[in-house]
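Shown here: final-v7.cif, mmCIF, C-alpha atoms.
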```
data_final
#
loop_
_atom_site.label_atom_id
_atom_site.label_comp_id
_atom_site.auth_asym_id
_atom_site.auth_seq_id
_atom_site.Cartn_x
_atom_site.Cartn_y
_atom_site.Cartn_z
CA MET A 1 148.14 90.03 123.97
CA VAL A 2 150.76 92.53 125.00
CA THR A 3 149.73 95.71 126.79
CA GLU A 4 151.40 99.04 127.24
CA GLY A 5 149.87 99.46 130.68
CA LEU A 6 151.34 97.47 133.53
CA GLN A 7 148.24 97.19 135.73
CA THR A 8 144.93 98.53 134.45
CA GLU A 9 144.99 96.99 130.96
CA PRO A 10 145.99 93.46 132.06
CA GLN A 11 143.42 93.59 134.88
CA TYR A 12 140.77 94.70 132.41
CA VAL A 13 141.60 92.00 129.86
CA GLU A 14 141.56 89.28 132.53
CA GLY A 15 138.23 90.54 133.91
CA LEU A 16 136.75 90.85 130.42
CA ASP A 17 137.89 87.31 129.66
CA ARG A 18 136.13 86.03 132.81
CA TYR A 19 132.97 87.97 131.96
CA LEU A 20 132.84 86.84 128.33
CA ARG A 21 133.51 83.22 129.31
CA SER A 22 130.52 83.43 131.65
CA THR A 23 128.42 84.34 128.61
CA GLY A 24 129.74 81.46 126.47
CA ALA A 25 132.90 82.84 124.85
CA THR A 26 135.80 80.39 124.63
CA ALA A 27 138.86 82.49 123.76
CA VAL A 28 142.08 81.77 125.62
CA VAL A 29 143.91 84.99 126.47
CA LYS A 30 147.48 85.40 127.65
CA SER A 31 148.19 88.97 128.78
CA VAL A 32 151.72 90.39 129.12
CA ALA A 33 152.38 93.92 130.42
CA VAL A 34 155.42 95.69 128.95
CA GLY A 35 155.42 99.41 129.68
CA LYS A 36 155.14 102.80 128.09
CA ASP A 37 156.61 102.59 124.57
CA PRO A 38 154.43 101.27 121.71
CA MET A 39 157.48 100.03 119.76
CA LYS A 40 158.61 97.97 122.78
CA VAL A 41 155.09 96.58 123.08
CA VAL A 42 155.06 95.45 119.44
CA ARG A 43 158.59 94.01 119.62
CA LYS A 44 157.70 92.07 122.79
CA CYS A 45 154.63 90.69 121.03
CA ILE A 46 156.79 89.57 118.08
CA ASP A 47 159.24 87.87 120.48
CA ILE A 48 156.48 86.06 122.38
CA ARG A 49 154.79 84.95 119.15
CA ASP A 50 158.05 83.72 117.62
CA ASP A 51 159.14 81.91 120.81
CA ALA A 52 155.77 80.12 120.98
CA ALA A 53 155.95 79.17 117.30
CA ASN A 54 159.46 77.77 117.78
CA VAL A 55 158.13 75.26 120.30
CA GLY A 56 155.03 74.41 118.27
CA LYS A 57 152.57 76.48 120.32
CA GLY A 58 151.61 79.34 118.03
CA TYR A 59 148.86 81.85 118.62
CA ASP A 60 145.81 82.36 116.39
CA VAL A 61 145.89 86.15 116.83
CA CYS A 62 148.44 88.49 118.38
CA VAL A 63 147.22 91.81 119.76
CA CYS A 64 148.89 94.87 121.29
CA LEU A 65 147.04 97.48 123.34
CA VAL A 66 148.57 100.96 123.24
CA ASP A 67 147.66 104.58 123.99
CA VAL A 68 148.23 107.65 121.88
CA ASP A 69 149.55 109.75 124.80
CA GLU A 70 152.56 111.61 123.39
CA HIS A 71 154.19 108.68 121.61
CA GLU A 72 156.14 109.74 118.55
CA ALA A 73 156.89 106.08 117.79
CA LEU A 74 153.23 105.06 117.53
CA PRO A 75 152.91 105.28 113.71
CA ALA A 76 156.14 103.27 113.26
CA ALA A 77 154.93 100.70 115.82
CA CYS A 78 151.64 100.34 113.91
CA GLN A 79 153.54 99.85 110.63
CA LEU A 80 155.82 97.19 112.13
CA ALA A 81 152.84 95.39 113.63
CA SER A 82 151.04 95.42 110.30
CA ARG A 83 154.07 93.89 108.56
CA GLU A 84 154.18 91.21 111.28
CA SER A 85 150.40 90.48 111.13
CA ILE A 86 149.90 91.77 114.67
CA LEU A 87 146.82 93.80 115.56
CA VAL A 88 147.55 97.09 117.35
CA LEU A 89 144.50 98.47 119.12
CA VAL A 90 144.94 102.15 119.88
CA SER A 91 143.05 104.15 122.50
CA ASN A 92 143.11 107.93 122.09
CA LEU A 93 143.90 109.66 124.39
CA LYS A 94 144.50 106.58 126.53
CA PHE A 95 142.97 103.30 127.71
CA GLU A 96 140.89 105.04 130.37
CA THR A 97 138.78 106.46 127.51
CA TRP A 98 137.57 102.91 126.88
CA LEU A 99 136.93 102.31 130.58
CA ARG A 100 134.86 105.51 130.78
CA TRP A 101 132.44 104.19 128.17
CA HIS A 102 131.47 101.33 130.48
CA ALA A 103 129.90 103.92 132.78
CA GLU A 104 128.78 106.85 130.64
CA ASP A 105 127.96 107.69 127.03
CA LYS A 106 129.99 110.86 126.73
CA ARG A 107 132.64 111.57 124.14
CA SER A 108 134.16 114.86 125.19
CA ALA A 109 137.92 115.12 124.75
CA LEU A 110 139.65 115.37 128.12
CA SER A 111 143.22 115.87 129.26
CA THR A 112 145.01 113.00 130.97
CA THR A 113 144.45 114.63 134.38
CA GLN A 114 140.76 115.24 133.68
CA LEU A 115 140.24 111.69 132.42
CA ASP A 116 142.02 110.18 135.44
CA GLY A 117 139.86 112.29 137.77
CA LEU A 118 136.66 111.29 135.99
CA ILE A 119 137.53 107.58 136.02
CA ALA A 120 138.17 107.83 139.77
CA LYS A 121 134.93 109.79 140.32
CA LEU A 122 132.99 107.14 138.38
CA GLY A 123 134.50 104.51 140.70
CA LEU A 124 136.11 102.54 137.86
CA VAL A 125 139.78 102.78 138.89
CA THR A 126 141.66 103.67 142.05
CA ARG A 127 145.43 104.23 141.82
CA LYS A 128 145.65 102.30 138.52
CA MET A 129 143.76 99.35 140.02
CA LEU A 130 140.49 98.36 138.38
CA ALA A 131 137.54 98.48 140.76
CA GLY A 132 136.39 95.09 142.06
CA ASN A 133 132.88 95.91 140.84
CA PHE A 134 133.95 97.14 137.40
CA PRO A 135 130.89 97.05 135.07
CA PHE A 136 132.07 94.45 132.55
CA HIS A 137 128.40 93.80 131.80
CA ALA A 138 128.39 97.19 129.98
CA VAL A 139 131.05 96.11 127.48
CA HIS A 140 128.65 95.90 124.55
CA GLU A 141 127.33 99.41 125.25
CA ALA A 142 130.97 100.59 125.41
CA CYS A 143 131.52 98.99 121.99
CA GLU A 144 128.55 100.89 120.57
CA ILE A 145 129.87 104.18 121.96
CA ALA A 146 133.35 103.48 120.55
CA ARG A 147 131.89 102.73 117.12
CA ARG A 148 129.93 105.98 117.18
CA ALA A 149 133.06 107.89 118.26
CA ASP A 150 135.08 106.36 115.39
CA PRO A 151 133.00 104.61 112.73
CA ASP A 152 136.24 103.59 110.97
CA LEU A 153 137.86 102.03 114.05
CA GLY A 154 140.16 99.14 113.42
CA PRO A 155 143.61 97.71 114.10
CA GLY A 156 146.50 100.05 113.48
CA ARG A 157 144.25 103.09 113.22
CA ILE A 158 144.90 106.16 115.34
CA GLY A 159 141.39 107.49 115.68
CA PRO A 160 140.09 110.86 116.83
CA ASP A 161 140.25 112.01 120.46
CA PRO A 162 138.45 110.29 122.11
CA SER A 163 138.41 106.87 120.47
CA SER A 164 139.36 103.25 121.09
CA ALA A 165 139.71 100.18 118.89
CA MET A 166 138.88 97.90 121.83
CA PRO A 167 135.69 96.62 120.14
CA VAL A 168 138.03 94.64 117.86
CA LEU A 169 139.34 92.80 120.93
CA VAL A 170 135.83 92.20 122.25
CA ASP A 171 134.85 90.73 118.87
CA LEU A 172 137.93 88.47 118.84
CA MET A 173 137.35 87.29 122.41
CA SER A 174 133.69 86.65 121.58
CA GLY A 175 134.64 84.41 118.65
CA ARG A 176 133.98 86.94 115.92
CA ARG A 177 137.12 87.02 113.77
CA HIS A 178 138.38 90.40 112.62
CA GLU A 179 139.79 90.53 109.10
#
```
What would the structure in this file look like if it were written as structure tokens?
Amino acid sequence: MVTEGLQTEPQYVEGLDRYLRSTGATAVVKSVAVGKDPMKVVRKCIDIRDDAANVGKGYDVCVCLVDVDEHEALPAACQLASRESILVLVSNLKFETWLRWHAEDKRSALSTTQLDGLIAKLGLVTRKMLAGNFPFHAVHEACEIARRADPDLGPGRIGPDPSSAMPVLVDLMSGRRHE
């Protein structure tokens, strides 16, 4: 898995992996943070996948986590990923939308500044660091909210604001294959 975010997303994925393993999931997740450009995220994922395959250690599924933000390259990144059989999971407006749904069932569109303030107020993130008591136990409720926000959510889809395709990752990590 390659993430656009350098801190919050990798911390979340690692915490989610620990939580899901405690409930019986057996996925093995390798998280790599790249930075702010979706095309760089997809290209890094291709490089990592190809390097692993070259030494006989391929991955079952390759996933990229990206935000909509103001990325003009996002549609092209999604197309490249599709050609390379890589799943791109898009959060609109950004990943913090997904985090919000672990704490409240509200789907109002917010600006980046408003969303950051709300996430801090809810005690989920402080200065891009996930709270030590982040409510991973609410992940299935967050999935339900995401599916209501975008009934057509899926890899490579840029959904409405707000939306997130993170339920696809939760399904994969829980052993439910996404086709």
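Matched in the shown structure by the PyMOL selection byres ((chain A and resi 123) around 12): A:Leu99, A:Arg100, A:His102, A:Ala103, A:Glu104, A:Asp116, A:Gly117, A:Leu118, A:Ile119, A:Ala120, A:Lys121, A:Leu122, A:Leu124, A:Val125, A:Thr126, A:Arg127, A:Lys128, A:Met129, A:Leu130, A:Ala131, A:Gly132, A:Asn133, A:Phe134, A:Pro135.
Across A:Thr23, A:Thr97, A:Thr112, A:Gln7, the tightest approach to Ser174 of chain A is made by A:Thr23 when counting only C-alpha atoms.
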>> Suppose a student applies the PyMOL selection byres ((chain A and resi 34) around 12) to this structure; what residues should they get, written as a list in words?
In response: Met1, Val2, Thr3, Glu4, Gly5, Leu6, Gln7, Glu9, Pro10, Ser31, Val32, Ala33, Gly35, Lys36, Asp37, Pro38, Met39, Lys40, Val41, Val42, Arg43, Lys44, Cys45, Ile48, Cys64, Leu65 and Val66 of chain A
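Note that atom CA of Leu172 of chain A and atom CA of Val90 of chain A are 15.4 Å apart.
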>> Here is a test: counting all atoms listed in the file, which residue of A:Val139, A:Leu110, A:Ala149, A:Ile158 is nearest to Leu20 of chain A?
In response: A:Val139
> What is the atom CA of Ala25 of chain A-atom CA of Leu169 of chain A distance in Å, reported with one decimal?
Replying inline: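 Interatomic distance here is 12.5 Å.
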>> Please expand the PyMOL selection byres ((chain A and resi 17) around 12) into the concrete residues it hits in this file, giving the result as a PyMOL selection string.
In response: chain A and resi 10-16+18-31+136-137+139+169-175
>> Nearest residue to Arg157 of chain A out of A:Ala53, A:Val61, A:Val68, A:Ile145, using all atoms listed in the file?
In response: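 Selected residue with least distance to Arg157 of chain A: A:Val68.
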> Using only C-alpha atoms, which of A:Phe95, A:Ala142, A:Arg49, A:Leu89 sits nearest Ala77 of chain A?
Replying inline: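 Checking each of A:Phe95, A:Ala142, A:Arg49, A:Leu89 against Ala77 of chain A, counting only C-alpha atoms, the winner is A:Leu89.
The closest residue to Glu84 of chain A, picked from A:Met166, A:Thr8, A:Asp50, A:Pro151 and counting all atoms listed in the file, is A:Asp50.
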>> Just to confirm, what's the straight-line distance from atom CA of Asn54 of chain A to atom CA of Cys78 of chain A in Å (one decimal)?
In response: 24.2 Å
> Which of these residues is nearest to Ser163 of chain A, using all atoms listed in the file: A:Gln79, A:Gln114, A:Ser85, A:Ser91?
Replying inline: A:Ser91
Anything within 9 Å of (138.7, 110.9, 124.2): list those residues as a PDB file with C-alpha atoms, in the coordinates of the input, counting all atoms listed in the file and sticking to the file's coordinates.
```
ATOM      1  CA  SER A  91     143.050 104.150 122.500  1.00  0.00           C
ATOM      2  CA  ASN A  92     143.110 107.930 122.090  1.00  0.00           C
ATOM      3  CA  LEU A  93     143.900 109.660 124.390  1.00  0.00           C
ATOM      4  CA  LYS A  94     144.500 106.580 126.530  1.00  0.00           C
ATOM      5  CA  GLU A  96     140.890 105.040 130.370  1.00  0.00           C
ATOM      6  CA  THR A  97     138.780 106.460 127.510  1.00  0.00           C
ATOM      7  CA  TRP A  98     137.570 102.910 126.880  1.00  0.00           C
ATOM      8  CA  ARG A 107     132.640 111.570 124.140  1.00  0.00           C
ATOM      9  CA  SER A 108     134.160 114.860 125.190  1.00  0.00           C
ATOM     10  CA  ALA A 109     137.920 115.120 124.750  1.00  0.00           C
ATOM     11  CA  LEU A 110     139.650 115.370 128.120  1.00  0.00           C
ATOM     12  CA  SER A 111     143.220 115.870 129.260  1.00  0.00           C
ATOM     13  CA  LEU A 115     140.240 111.690 132.420  1.00  0.00           C
ATOM     14  CA  ALA A 149     133.060 107.890 118.260  1.00  0.00           C
ATOM     15  CA  PRO A 160     140.090 110.860 116.830  1.00  0.00           C
ATOM     16  CA  ASP A 161     140.250 112.010 120.460  1.00  0.00           C
ATOM     17  CA  PRO A 162     138.450 110.290 122.110  1.00  0.00           C
ATOM     18  CA  SER A 163     138.410 106.870 120.470  1.00  0.00           C
ATOM     19  CA  SER A 164     139.360 103.250 121.090  1.00  0.00           C
TER      20      SER A 164
END
```
